[in-house]
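run_15.cif (mmCIF, C-alpha atoms and all ligand atoms) appears below.
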```cif
data_model
#
loop_
_atom_site.label_atom_id
_atom_site.label_comp_id
_atom_site.auth_asym_id
_atom_site.auth_seq_id
_atom_site.Cartn_x
_atom_site.Cartn_y
_atom_site.Cartn_z
CA MET A 241 81.42 107.98 101.66
CA GLN A 242 80.36 104.90 99.73
CA VAL A 243 82.49 102.76 97.39
CA GLU A 244 82.37 99.43 95.58
CA LEU A 245 85.63 98.14 97.07
CA ALA A 246 87.67 99.29 100.07
CA ILE A 247 91.19 97.88 100.35
CA VAL A 248 92.53 98.09 103.90
CA GLY A 249 96.33 98.26 104.07
CA ALA A 250 98.65 100.06 101.67
CA GLY A 251 101.63 97.74 101.69
CA ILE A 252 102.79 96.00 98.53
CA ALA A 253 99.74 93.68 98.73
CA GLY A 254 97.11 96.43 98.98
CA CYS A 255 98.88 98.70 96.48
CA SER A 256 99.24 95.91 93.89
CA LEU A 257 95.58 95.00 94.22
CA ALA A 258 94.59 98.67 93.90
CA TYR A 259 96.64 98.84 90.69
CA PHE A 260 94.84 95.85 89.16
CA CYS A 261 91.44 97.26 90.21
CA LYS A 262 92.15 100.83 89.14
CA ASP A 263 89.25 100.95 86.68
CA LYS A 264 86.77 100.15 89.50
CA ASP A 265 85.22 102.35 92.19
CA ILE A 266 87.80 101.77 94.94
CA ILE A 267 89.48 103.41 97.89
CA LEU A 268 92.73 102.41 99.55
CA LEU A 269 92.82 102.92 103.32
CA ASP A 270 95.79 102.85 105.65
CA LYS A 271 96.31 104.07 109.18
CA ALA A 272 99.52 105.72 107.98
CA SER A 273 99.56 108.86 105.89
CA LEU A 274 101.81 107.25 103.25
CA PRO A 275 101.82 103.84 101.56
CA ALA A 276 104.51 101.27 102.46
CA SER A 277 104.70 102.38 106.08
CA GLY A 278 104.52 98.81 107.44
CA GLY A 279 106.62 95.76 106.55
CA SER A 280 106.80 96.83 102.91
CA GLY A 281 108.69 100.02 103.71
CA ALA A 282 111.31 98.15 105.73
CA ALA A 283 111.85 95.49 103.06
CA GLY A 284 114.97 95.20 100.98
CA ALA A 285 112.45 94.36 98.22
CA PHE A 286 114.74 91.94 96.39
CA ILE A 287 113.14 90.03 93.54
CA SER A 288 114.67 86.62 93.68
CA PRO A 289 113.50 83.07 92.86
CA LYS A 290 113.27 80.28 95.41
CA LEU A 291 116.03 77.67 95.47
CA GLY A 292 115.64 74.15 96.76
CA LYS A 293 114.29 70.75 95.90
CA LYS A 294 111.08 70.53 93.89
CA SER A 295 108.03 71.49 95.95
CA ALA A 296 104.65 73.12 95.46
CA LEU A 297 105.86 76.27 97.26
CA LEU A 298 108.94 76.48 95.04
CA GLU A 299 106.78 76.14 91.92
CA LEU A 300 104.37 78.84 93.04
CA THR A 301 107.16 81.19 94.12
CA ASN A 302 108.97 80.86 90.81
CA GLU A 303 105.74 81.35 88.85
CA ALA A 304 105.26 84.57 90.85
CA PHE A 305 108.92 85.53 90.32
CA ASN A 306 108.56 85.25 86.52
CA PHE A 307 105.34 87.25 86.61
CA ALA A 308 106.80 89.95 88.90
CA THR A 309 109.99 90.52 86.89
CA LYS A 310 107.97 91.01 83.69
CA PHE A 311 105.33 93.13 85.43
CA TYR A 312 107.80 95.48 87.13
CA SER A 313 110.12 95.87 84.17
CA SER A 314 107.31 96.63 81.71
CA ASN A 315 105.16 98.84 83.97
CA PHE A 316 107.50 100.30 86.62
CA PRO A 317 111.06 100.23 85.22
CA ASN A 318 112.03 103.30 87.28
CA TYR A 319 111.35 101.44 90.52
CA PHE A 320 112.87 98.06 89.62
CA ASP A 321 116.61 97.64 89.05
CA LYS A 322 116.83 94.48 86.98
CA SER A 323 120.50 94.13 87.78
CA GLY A 324 120.37 90.36 88.15
CA ILE A 325 120.79 88.50 91.42
CA ILE A 326 123.39 85.96 92.52
CA ARG A 327 122.30 83.30 94.99
CA LEU A 328 125.01 81.77 97.16
CA PRO A 329 124.82 78.50 99.12
CA LYS A 330 123.95 78.60 102.82
CA ASP A 331 126.81 76.21 103.64
CA ILE A 332 129.03 73.54 102.07
CA TYR A 333 126.17 71.00 102.05
CA ASP A 334 123.87 73.41 100.23
CA ALA A 335 126.66 74.11 97.70
CA LYS A 336 126.59 70.44 96.62
CA ASN A 337 122.97 70.87 95.48
CA PHE A 338 123.52 73.84 93.22
CA THR A 339 123.58 71.79 89.99
CA LEU A 340 120.26 70.27 91.02
CA TYR A 341 118.87 73.73 91.90
CA GLN A 342 119.86 74.95 88.46
CA GLU A 343 117.96 72.06 86.81
CA ILE A 344 114.87 72.99 88.82
CA SER A 345 114.93 76.82 88.91
CA GLY A 346 117.19 77.72 85.96
CA GLY A 347 119.89 80.39 86.24
CA ARG A 348 123.58 80.23 85.31
CA LEU A 349 126.15 78.51 87.51
CA LEU A 350 129.12 80.71 88.46
CA ASP A 351 132.38 79.29 89.79
CA LYS A 352 134.79 80.83 92.28
CA ASN A 353 136.64 82.84 89.62
CA ALA A 354 133.49 84.22 88.03
CA LEU A 355 132.22 85.27 91.47
CA LYS A 356 135.50 86.99 92.26
CA GLU A 357 134.89 89.42 89.40
CA PHE A 358 131.88 90.72 91.33
CA GLY A 359 133.92 90.98 94.55
CA ILE A 360 132.21 87.87 95.91
CA ASN A 361 134.03 85.22 97.86
CA ASP A 362 132.31 81.83 97.57
CA GLU A 363 132.75 78.47 95.86
CA VAL A 364 129.64 78.50 93.68
CA GLY A 365 126.70 80.75 92.84
CA LEU A 366 123.58 80.78 90.67
CA PHE A 367 122.97 83.89 88.61
CA PHE A 368 119.43 84.95 87.65
CA GLU A 369 119.55 87.74 85.12
CA ASP A 370 115.88 88.71 85.56
CA GLY A 371 116.17 89.25 89.31
CA GLY A 372 116.94 92.52 91.01
CA VAL A 373 115.69 94.94 93.61
CA CYS A 374 112.77 97.36 93.92
CA ASP A 375 112.57 100.79 95.49
CA ALA A 376 109.86 99.67 97.94
CA GLN A 377 108.32 103.03 98.78
CA GLY A 378 108.69 104.50 95.30
CA LEU A 379 107.05 101.41 93.77
CA CYS A 380 104.08 101.43 96.17
CA LYS A 381 103.50 105.13 95.48
CA ALA A 382 103.73 104.58 91.71
CA LEU A 383 101.30 101.64 91.84
CA ILE A 384 98.58 103.83 93.38
CA LYS A 385 99.33 107.02 91.46
CA ASP A 386 95.74 107.69 90.35
CA ILE A 387 93.94 105.86 93.14
CA ALA A 388 91.93 107.38 96.00
CA TYR A 389 93.98 107.05 99.21
CA LYS A 390 92.84 107.93 102.69
CA GLN A 391 94.55 107.83 106.06
CA PHE A 392 92.03 105.83 108.05
CA GLU A 393 92.57 103.34 110.86
CA VAL A 394 89.91 100.67 110.64
CA GLU A 395 88.89 99.72 114.15
CA LYS A 396 85.92 97.56 113.30
CA ILE A 397 84.05 96.22 110.31
CA VAL A 398 80.33 95.51 110.53
CA LYS A 399 77.94 94.10 107.91
CA GLU A 400 74.78 96.15 107.41
CA ASN A 401 72.47 94.85 104.69
CA GLU A 402 74.43 94.82 101.41
CA PHE A 403 77.22 97.07 102.75
CA TRP A 404 80.19 96.67 104.99
CA LEU A 405 80.79 99.53 107.38
CA LEU A 406 84.42 100.37 108.01
CA ILE A 407 84.55 102.19 111.28
CA SER A 408 87.35 104.40 112.56
CA LYS A 409 87.38 106.70 115.62
CA ASN A 410 85.61 109.55 113.84
CA GLU A 411 84.22 108.27 110.58
CA THR A 412 82.46 105.42 108.81
CA ILE A 413 82.96 104.36 105.20
CA LYS A 414 80.49 102.13 103.39
CA ALA A 415 81.82 99.55 100.95
CA LYS A 416 80.14 96.71 99.09
CA LYS A 417 83.34 94.69 99.21
CA ILE A 418 86.38 94.74 101.49
CA VAL A 419 89.86 93.31 101.13
CA LEU A 420 91.92 93.06 104.31
CA ALA A 421 95.59 93.48 103.38
CA THR A 422 96.82 94.49 106.82
CA GLY A 423 100.02 92.43 107.02
CA TYR A 424 101.17 91.15 110.41
CA GLU A 425 98.38 92.95 112.24
CA GLY A 426 95.91 90.51 110.73
CA PHE A 427 92.30 91.18 111.70
CA LYS A 428 89.62 89.71 113.91
CA GLY A 429 88.01 86.70 112.20
CA LEU A 430 91.21 85.65 110.42
CA GLU A 431 92.61 83.63 113.35
CA TYR A 432 92.22 80.32 111.49
CA MET A 433 94.84 81.46 108.98
CA GLY A 434 97.54 81.40 111.69
CA LEU A 435 99.17 84.65 110.57
CA HIS A 436 102.21 85.61 112.59
CA GLY A 437 104.91 88.25 112.42
CA ILE A 438 108.65 87.98 111.86
CA TRP A 439 110.78 91.00 112.60
CA GLY A 440 113.40 92.11 110.15
CA SER A 441 115.85 94.91 109.76
CA ARG A 442 117.63 96.66 106.97
CA GLY A 443 120.50 99.10 106.89
CA ASP A 444 121.20 101.51 104.06
CA PHE A 445 124.89 102.34 103.84
CA PHE A 446 126.99 104.77 101.88
CA CYS A 447 129.49 102.53 100.14
CA GLU A 448 132.75 103.14 98.29
CA ASN A 449 132.87 99.87 96.33
CA ASP A 450 131.21 99.48 92.98
CA ILE A 451 128.45 96.93 93.47
CA THR A 452 126.63 96.19 90.24
CA ILE A 453 124.68 93.09 91.12
CA CYS A 454 122.41 91.94 93.97
CA THR A 455 123.59 89.01 96.09
CA HIS A 456 121.77 86.79 98.54
CA LYS A 457 123.18 84.32 101.06
CA SER A 458 121.80 84.47 104.60
CA VAL A 459 121.39 88.21 104.11
CA SER A 460 120.74 90.21 100.96
CA VAL A 461 123.03 92.92 99.59
CA SER A 462 121.73 95.22 96.86
CA ILE A 463 123.47 96.97 93.98
CA LYS A 464 124.79 100.45 94.69
CA LYS A 465 122.39 103.19 93.70
CA ASP A 466 123.09 106.88 94.31
CA GLY A 467 126.12 105.79 96.35
CA VAL A 468 124.00 103.62 98.70
CA ILE A 469 123.59 99.86 99.19
CA LYS A 470 120.86 98.07 101.17
CA ILE A 471 121.65 95.14 103.45
CA GLY A 472 118.71 93.35 105.00
CA ALA A 473 117.23 90.18 106.42
CA THR A 474 114.34 89.01 108.56
CA HIS A 475 115.37 87.35 111.75
CA LEU A 476 113.06 87.12 114.72
CA ARG A 477 109.64 85.59 115.22
CA ALA A 478 107.41 87.86 117.29
CA LYS A 479 105.56 86.48 120.29
CA ASN A 480 102.56 88.61 119.45
CA ALA A 481 101.63 91.29 116.95
CA LYS A 482 101.92 94.15 119.43
CA GLU A 483 105.37 93.19 120.73
CA ALA A 484 108.10 95.70 120.04
CA CYS A 485 111.27 94.53 118.35
CA THR A 486 113.70 94.58 121.22
CA LEU A 487 116.61 93.36 119.13
CA CYS A 488 116.55 96.16 116.60
CA ASP A 489 118.71 98.60 118.54
CA GLY A 490 121.58 98.44 116.08
CA LYS A 491 122.89 95.02 117.12
CA PRO A 492 121.11 92.97 114.45
CA LEU A 493 122.46 95.38 111.90
CA GLU A 494 125.98 94.71 113.11
CA ALA A 495 125.32 90.99 112.73
CA LEU A 496 123.90 91.49 109.22
CA LEU A 497 126.92 93.50 108.23
CA GLN A 498 129.28 90.86 109.61
CA LYS A 499 127.49 88.16 107.61
CA ALA A 500 127.56 90.26 104.43
CA LYS A 501 131.28 90.90 104.78
CA GLU A 502 131.89 87.14 104.89
CA PHE A 503 130.88 86.80 101.24
CA ILE A 504 131.22 90.20 99.59
CA PHE A 505 134.02 92.73 99.67
CA LEU A 506 132.68 95.87 101.38
CA ASP A 507 134.86 98.76 102.35
CA ASN A 508 134.30 101.87 104.47
CA LEU A 509 130.55 101.59 104.89
CA VAL A 510 128.83 104.51 106.57
CA LEU A 511 125.35 103.91 107.94
CA LYS A 512 122.78 106.21 106.35
CA GLU A 513 119.49 104.91 107.71
CA THR A 514 118.01 101.89 109.47
CA PHE A 515 114.60 100.30 108.99
CA CYS A 516 112.76 97.83 111.13
CA GLY A 517 109.55 96.08 110.19
CA MET A 518 107.46 92.99 110.50
CA ARG A 519 106.38 90.70 107.74
CA SER A 520 103.56 88.23 108.14
CA GLY A 521 103.59 84.55 107.30
CA SER A 522 101.00 81.79 107.39
CA ARG A 523 101.28 78.41 109.09
CA ASP A 524 102.29 76.55 105.93
CA TYR A 525 104.36 79.39 104.34
CA PHE A 526 101.93 79.77 101.42
CA PRO A 527 100.19 83.14 101.02
CA VAL A 528 96.54 83.45 102.05
CA VAL A 529 94.41 85.06 99.38
CA GLY A 530 90.68 84.73 98.91
CA LYS A 531 87.34 84.57 100.68
CA VAL A 532 87.01 84.62 104.46
CA ILE A 533 85.14 81.78 106.18
CA ASP A 534 82.42 82.66 108.73
CA THR A 535 84.07 80.62 111.50
CA LYS A 536 81.47 81.53 114.15
CA PHE A 537 78.65 80.21 111.97
CA MET A 538 80.58 77.09 111.01
CA LEU A 539 81.42 76.13 114.59
CA GLU A 540 77.87 76.77 115.83
CA GLN A 541 76.20 74.88 112.97
CA TYR A 542 78.69 72.04 112.76
CA PRO A 543 80.33 71.56 116.21
CA GLN A 544 81.52 68.13 115.04
CA ILE A 545 84.11 69.95 112.90
CA LYS A 546 86.23 70.17 116.05
CA LYS A 547 86.33 66.38 116.11
CA GLY A 548 87.51 66.09 112.53
CA TYR A 549 84.23 66.19 110.54
CA LYS A 550 85.18 67.30 107.04
CA LYS A 551 81.96 67.41 105.04
CA ALA A 552 80.33 70.61 106.27
CA PRO A 553 79.78 73.03 103.38
CA LEU A 554 81.80 76.20 103.97
CA LYS A 555 79.97 79.46 104.58
CA PHE A 556 81.83 82.64 103.76
CA LYS A 557 81.50 86.21 104.99
CA GLU A 558 79.88 87.78 101.98
CA ASN A 559 82.14 90.11 99.97
CA LEU A 560 84.98 89.95 102.47
CA TYR A 561 88.42 88.95 101.22
CA VAL A 562 91.93 88.63 102.59
CA PHE A 563 95.32 89.24 100.97
CA ASN A 564 98.06 88.33 103.43
CA GLY A 565 100.78 85.86 104.49
CA LEU A 566 103.26 86.94 101.82
CA GLY A 567 106.20 85.98 104.04
CA GLY A 568 109.69 87.05 103.05
CA ARG A 569 108.67 87.48 99.41
CA GLY A 570 105.90 90.06 99.34
CA PHE A 571 107.37 91.92 96.39
CA VAL A 572 107.71 88.67 94.45
CA PHE A 573 104.20 87.39 95.18
CA ALA A 574 102.11 90.56 95.17
CA PRO A 575 101.58 91.24 91.42
CA LEU A 576 100.48 87.70 90.45
CA LEU A 577 98.30 87.25 93.53
CA ALA A 578 96.74 90.69 93.09
CA GLN A 579 95.71 89.72 89.57
CA TRP A 580 94.21 86.45 90.84
CA LEU A 581 92.33 88.22 93.62
CA LYS A 582 90.95 90.84 91.25
CA GLU A 583 89.67 88.01 89.03
CA LEU A 584 88.00 86.36 92.03
CA ILE A 585 86.35 89.57 93.24
CA PHE A 586 85.15 90.98 89.95
CA GLU A 587 84.96 87.97 87.61
CA SER A 588 84.07 85.19 90.11
CA LYS A 589 87.05 83.18 88.89
CA ALA A 590 88.06 80.55 91.46
CA ILE A 591 91.22 81.37 93.39
CA ASP A 592 94.21 79.07 92.95
CA GLU A 593 93.93 76.32 95.60
CA ARG A 594 97.55 76.77 96.68
CA VAL A 595 96.77 80.19 98.18
CA ASN A 596 93.12 79.61 99.13
CA PRO A 597 92.75 80.20 102.91
CA ASN A 598 90.16 77.38 103.11
CA ARG A 599 93.04 74.91 103.40
CA LEU A 600 93.80 76.20 106.92
CA PHE A 601 90.31 76.07 108.44
CA LEU A 602 89.70 72.43 109.40
CA LYS A 603 93.12 71.95 110.96
CA TRP A 604 92.62 75.09 113.04
CA ALA A 605 89.12 74.01 114.12
CA ARG A 606 90.34 70.57 115.23
CA LYS A 607 92.86 72.21 117.54
CA LEU A 608 90.28 74.41 119.27
C1 LIG B 701 113.53 93.65 106.83
C2 LIG B 701 112.66 93.01 105.80
C3 LIG B 701 113.22 92.62 104.60
C4 LIG B 701 112.43 92.05 103.61
N1 LIG B 701 112.97 91.76 102.40
C5 LIG B 701 112.19 91.35 101.38
C6 LIG B 701 112.73 91.16 100.07
O1 LIG B 701 113.91 91.34 99.86
N2 LIG B 701 111.89 90.78 99.07
C7 LIG B 701 110.53 90.59 99.27
O2 LIG B 701 109.82 90.28 98.32
N3 LIG B 701 110.01 90.74 100.51
C8 LIG B 701 110.80 91.11 101.56
N4 LIG B 701 110.27 91.28 102.81
C9 LIG B 701 108.89 90.85 103.03
C10 LIG B 701 107.91 91.91 102.59
O3 LIG B 701 108.26 93.13 103.17
C11 LIG B 701 106.49 91.51 103.00
O4 LIG B 701 106.16 90.28 102.45
C12 LIG B 701 105.50 92.56 102.51
O5 LIG B 701 105.89 93.82 102.92
C13 LIG B 701 104.10 92.27 102.99
O6 LIG B 701 103.30 93.29 102.48
P1 LIG B 701 101.84 93.53 103.01
O7 LIG B 701 101.24 94.53 102.12
O8 LIG B 701 101.16 92.21 103.17
O9 LIG B 701 102.03 94.09 104.51
P2 LIG B 701 102.52 95.51 105.04
O10 LIG B 701 103.53 96.11 104.17
O11 LIG B 701 102.87 95.33 106.47
O12 LIG B 701 101.20 96.42 104.91
C14 LIG B 701 100.11 96.34 105.79
C15 LIG B 701 99.54 97.73 105.93
O13 LIG B 701 98.31 97.64 106.64
C16 LIG B 701 98.17 98.79 107.44
N5 LIG B 701 97.21 98.49 108.51
C17 LIG B 701 97.27 97.51 109.43
N6 LIG B 701 96.19 97.52 110.21
C18 LIG B 701 95.40 98.52 109.76
C19 LIG B 701 94.12 99.03 110.14
N7 LIG B 701 93.44 98.49 111.15
N8 LIG B 701 93.59 100.08 109.47
C20 LIG B 701 94.27 100.65 108.44
N9 LIG B 701 95.48 100.21 108.03
C21 LIG B 701 96.03 99.15 108.68
C22 LIG B 701 99.59 99.05 107.95
O14 LIG B 701 99.74 100.41 108.33
C23 LIG B 701 100.42 98.68 106.73
O15 LIG B 701 100.72 99.81 105.93
C24 LIG B 701 111.04 91.82 103.84
C25 LIG B 701 110.48 92.21 105.06
C26 LIG B 701 111.26 92.81 106.04
C27 LIG B 701 110.61 93.22 107.32
#
```

So that I can check it, write out the structure of this file as structure tokens.
Amino acid sequence: MQVELAIVGAGIAGCSLAYFCKDKDIILLDKASLPASGGSGAAGAFISPKLGKKSALLELTNEAFNFATKFYSSNFPNYFDKSGIIRLPKDIYDAKNFTLYQEISGGRLLDKNALKEFGINDEVGLFFEDGGVCDAQGLCKALIKDIAYKQFEVEKIVKENEFWLLISKNETIKAKKIVLATGYEGFKGLEYMGLHGIWGSRGDFFCENDITICTHKSVSVSIKKDGVIKIGATHLRAKNAKEACTLCDGKPLEALLQKAKEFIFLDNLVLKETFCGMRSGSRDYFPVVGKVIDTKFMLEQYPQIKKGYKKAPLKFKENLYVFNGLGGRGFVFAPLLAQWLKELIFESKAIDERVNPNRLFLKWARKL
């Protein structure tokens, strides 16, 4: 088999990119038989802006939030409940900043009485009417509806003339271009990006209360749909990518539930299903999207890089790209970043510097 572009990883990153590249000759590969079998399937998939003081990450996140809410509601309304989302303060100190947060990120301030009408017990909240929650698996499937999908575990990639060979146990696929969207499992050659995993869990509960709005404090609680609410959060940094999540034996879920009950009235919940997954983040919390540096070449040609030399021209692995490090907001970031990556791959448009993995290379090399 031979294609123009092979996307490895069918989480929200790979599926969004496949959607934007659907008019090209592409194939989407995943070691699982269905999309959203990794971190994306475990996610609560809340679409919520970032709150805090002004920062570059906040600006980028909220740009992606605005893009995602429009993208999902116009193209995938059946998989995005635009119910609105209420953000609550972490503690009494955070509550004092909510007027400032509103100036920066918008939203409508709600006082104690207004919150009570939603069954929420807190002093102040910020309501974002465009926010909401996605059906993670349904959305990923819908994004790749007409796209070639193959269950294929990539064990190795090798460059042979103008093609990349994607090698699994029994088969090889040839692709001119590859995008690695493999989440926390990263890939050999991406070490300089410092990708690491954070475990998270989610419980879906049958619920008797009417919950018509999503809420986020230290955990997220979704609206009720088909009698079920989702409660989720990410909580534990993994020591290494292969480590099993030893905490996810029901106890974290109890803790999540306890935290949720501190701010929202929940009655007679019955556990329907639990999910456990790992999301991947980068060293500086920004996503990593773009070309991959040939680190072996760079270190051999310019060993002085390790001592802080900054002027060596970067050499990239030809036609190899990465789409990763989406952190706790994969569903917020994926549509905008997928569009940017498609423009880089097929229109040679420069990637936005805030997500360009180049920023991580020199620091990594100096620490070697
Ligand atoms: C409990 C929890 C709650 C979360 N809540 C939210 C939320 O409310 N809102 C939000 O926006 N985000 C949330 N996130 C974060 C979000 O899930 C991630 O940012 C997102 O899933 C990352 O998507 P991805 O496509 O990069 O990775 P993944 O979804 O992990 O996809 C990577 C895919 O690559 C495949 N793969 C890996 N290696 C190979 C290989 N060698 N060959 C073939 N296939 C391979 C895997 O099988 C997997 O399907 C949450 C995460 C968790 C765990």

Counting all atoms listed in the file, figure out which residue out of A:Val510, A:Leu493, A:Val398, A:Val364 gets nearest to ligand LIG 701 (chain B). A:Leu493

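Here CA of Ser408 in chain A stands at a distance of 24.0 Å from CA of Asp386 in chain A.
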
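Summary of the local environment: counting only C-alpha atoms, residues at most 6 Å from range 409-425 of chain A, other than itself and those fewer than 2 positions away along its chain, are Met241, Gln242, Val243, Glu244, Leu245, Ala246, Ile247, Val248, Gly249, Gly254, Phe403, Trp404, Leu405, Leu406, Ile407, Gly437, Ala481, Arg519, Ser520, Asn559, Leu560, Tyr561, Val562, Phe563 and Asn564 of chain A.
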
Hey, could you pull the box centre and edge lengths for range 341-359 of chain A, axis-aligned, 8 Å padding per side, all listed atoms, to one decimal in Å, as JSON?
```
{"center_x": 125.8, "center_y": 81.5, "center_z": 89.9, "size_x": 37.8, "size_y": 34.9, "size_z": 25.2}
```

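You can rank A:Pro275, A:Pro317, A:Gly426, A:Gly371 by their closest distance to Gln391 in chain A using all atoms listed in the file, and at the top of that list sits A:Pro275.
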
Residues within 6 Å of range 337-347 of chain A, please, as a ChimeraX atom specification. Count only C-alpha atoms; anything in the same chain fewer than 4 positions from it doesn't count. /A:292,366-368

If I take CA of Asp370 in chain A and CA of Lys589 in chain A, how far is one from the other in Å, to one decimal? 29.5 Å

Residue neighbourhood Ala285 in chain A, 10 Å, all atoms listed in the file, exclusion window fewer than 6 positions, as a list in words: Ile252, Phe320, Gly372, Val373, Cys374, Asp375, Ala376, Gln377, Leu379, Ser460, Ser462, Lys470, Gly472, Gly568, Arg569, Gly570, Phe571 and Val572 of chain A

Pairwise distance, atom C23 of ligand LIG 701 (chain B) with CA of Ser280 in chain A, equals 7.7 Å

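Each of A:Lys582, A:Lys501, A:Phe305, A:Tyr319 was checked against Leu383 in chain A using only C-alpha atoms; the smallest atom-to-atom distance is that of A:Tyr319.
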
Counting all atoms listed in the file, the residue of A:Ile453, A:Lys262, A:Ala574, A:Phe286 that sits nearest Phe311 in chain A: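 Among the listed residues, A:Ala574 lies closest to Phe311 in chain A.
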
Need the neighbours of (128.6, 91.1, 106.4): which residues are at most 12 Å away, counting all atoms listed in the file, as a PyMOL selection string? chain A and resi 360-361+443+455-461+470-473+492-507+509

Nearest to Tyr312 in chain A, chosen from A:Leu576, A:Leu268, A:Cys454, A:Ile533, with all atoms listed in the file counted in the distances: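 Smallest distance to Tyr312 in chain A is found for A:Leu576.
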
Quick one: residues within 10 Å of (127.7, 101.5, 97.0) (file frame), counting only C-alpha atoms, please, as a short mmCIF file (atom, residue, chain, number, x, y, z; two decimals) with C-alpha atoms, in the frame of the given file.
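See result10.cif below for the written result:
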```cif
data_model
loop_
_atom_site.label_atom_id
_atom_site.label_comp_id
_atom_site.auth_asym_id
_atom_site.auth_seq_id
_atom_site.Cartn_x
_atom_site.Cartn_y
_atom_site.Cartn_z
CA ASP A 444 121.20 101.51 104.06
CA PHE A 445 124.89 102.34 103.84
CA PHE A 446 126.99 104.77 101.88
CA CYS A 447 129.49 102.53 100.14
CA GLU A 448 132.75 103.14 98.29
CA ASN A 449 132.87 99.87 96.33
CA ASP A 450 131.21 99.48 92.98
CA ILE A 451 128.45 96.93 93.47
CA THR A 452 126.63 96.19 90.24
CA SER A 462 121.73 95.22 96.86
CA ILE A 463 123.47 96.97 93.98
CA LYS A 464 124.79 100.45 94.69
CA LYS A 465 122.39 103.19 93.70
CA ASP A 466 123.09 106.88 94.31
CA GLY A 467 126.12 105.79 96.35
CA VAL A 468 124.00 103.62 98.70
CA ILE A 469 123.59 99.86 99.19
CA LYS A 470 120.86 98.07 101.17
CA LEU A 506 132.68 95.87 101.38
CA ASP A 507 134.86 98.76 102.35
CA ASN A 508 134.30 101.87 104.47
CA LEU A 509 130.55 101.59 104.89
#
```

Could you check the closest approach to Phe537 in chain A for each of A:Lys550, A:Arg523, A:Lys322, A:Lys555 and tell me which residue wins, using only C-alpha atoms?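 Distance minimum relative to Phe537 in chain A lands on A:Lys555.
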
Exercise: Arg606 in chain A partners within 7 Å, all atoms listed in the file, chain neighbours under 2 positions left out, as a ChimeraX atom specification: /A:545-548,602-604,608

Can you save range 410-423 of chain A of the given block to a file, including N, CA and C atoms and formatted as a PDB file, in the first residue's frame?
```
ATOM      1  N   ASN A 410       3.527  -7.517  10.589  1.00  0.00           N
ATOM      2  CA  ASN A 410       3.349  -8.319   9.368  1.00  0.00           C
ATOM      3  C   ASN A 410       3.283  -7.520   8.080  1.00  0.00           C
ATOM      4  N   GLU A 411       3.377  -6.205   8.154  1.00  0.00           N
ATOM      5  CA  GLU A 411       3.082  -5.451   6.936  1.00  0.00           C
ATOM      6  C   GLU A 411       3.885  -4.155   6.898  1.00  0.00           C
ATOM      7  N   THR A 412       4.061  -3.634   5.699  1.00  0.00           N
ATOM      8  CA  THR A 412       4.730  -2.332   5.556  1.00  0.00           C
ATOM      9  C   THR A 412       3.864  -1.431   4.683  1.00  0.00           C
ATOM     10  N   ILE A 413       3.698  -0.188   5.126  1.00  0.00           N
ATOM     11  CA  ILE A 413       2.953   0.786   4.319  1.00  0.00           C
ATOM     12  C   ILE A 413       3.938   1.878   3.904  1.00  0.00           C
ATOM     13  N   LYS A 414       3.817   2.313   2.658  1.00  0.00           N
ATOM     14  CA  LYS A 414       4.694   3.379   2.165  1.00  0.00           C
ATOM     15  C   LYS A 414       3.931   4.693   2.168  1.00  0.00           C
ATOM     16  N   ALA A 415       4.539   5.731   2.715  1.00  0.00           N
ATOM     17  CA  ALA A 415       3.863   7.038   2.702  1.00  0.00           C
ATOM     18  C   ALA A 415       4.884   8.125   2.405  1.00  0.00           C
ATOM     19  N   LYS A 416       4.479   9.108   1.616  1.00  0.00           N
ATOM     20  CA  LYS A 416       5.407  10.218   1.338  1.00  0.00           C
ATOM     21  C   LYS A 416       5.592  11.065   2.591  1.00  0.00           C
ATOM     22  N   LYS A 417       4.493  11.204   3.326  1.00  0.00           N
ATOM     23  CA  LYS A 417       4.542  12.057   4.522  1.00  0.00           C
ATOM     24  C   LYS A 417       3.922  11.296   5.688  1.00  0.00           C
ATOM     25  N   ILE A 418       4.440  11.570   6.894  1.00  0.00           N
ATOM     26  CA  ILE A 418       3.868  10.933   8.091  1.00  0.00           C
ATOM     27  C   ILE A 418       3.601  12.003   9.140  1.00  0.00           C
ATOM     28  N   VAL A 419       2.472  11.843   9.828  1.00  0.00           N
ATOM     29  CA  VAL A 419       2.237  12.640  11.041  1.00  0.00           C
ATOM     30  C   VAL A 419       2.128  11.673  12.212  1.00  0.00           C
ATOM     31  N   LEU A 420       2.910  11.909  13.249  1.00  0.00           N
ATOM     32  CA  LEU A 420       2.857  11.086  14.455  1.00  0.00           C
ATOM     33  C   LEU A 420       1.932  11.783  15.460  1.00  0.00           C
ATOM     34  N   ALA A 421       0.780  11.173  15.676  1.00  0.00           N
ATOM     35  CA  ALA A 421      -0.202  11.733  16.628  1.00  0.00           C
ATOM     36  C   ALA A 421      -0.518  10.640  17.645  1.00  0.00           C
ATOM     37  N   THR A 422       0.536  10.158  18.300  1.00  0.00           N
ATOM     38  CA  THR A 422       0.409   8.945  19.119  1.00  0.00           C
ATOM     39  C   THR A 422       0.227   9.236  20.610  1.00  0.00           C
ATOM     40  N   GLY A 423      -0.077  10.458  20.966  1.00  0.00           N
ATOM     41  CA  GLY A 423      -0.385  10.769  22.368  1.00  0.00           C
ATOM     42  C   GLY A 423       0.764  10.455  23.301  1.00  0.00           C
TER      43      GLY A 423
END
```
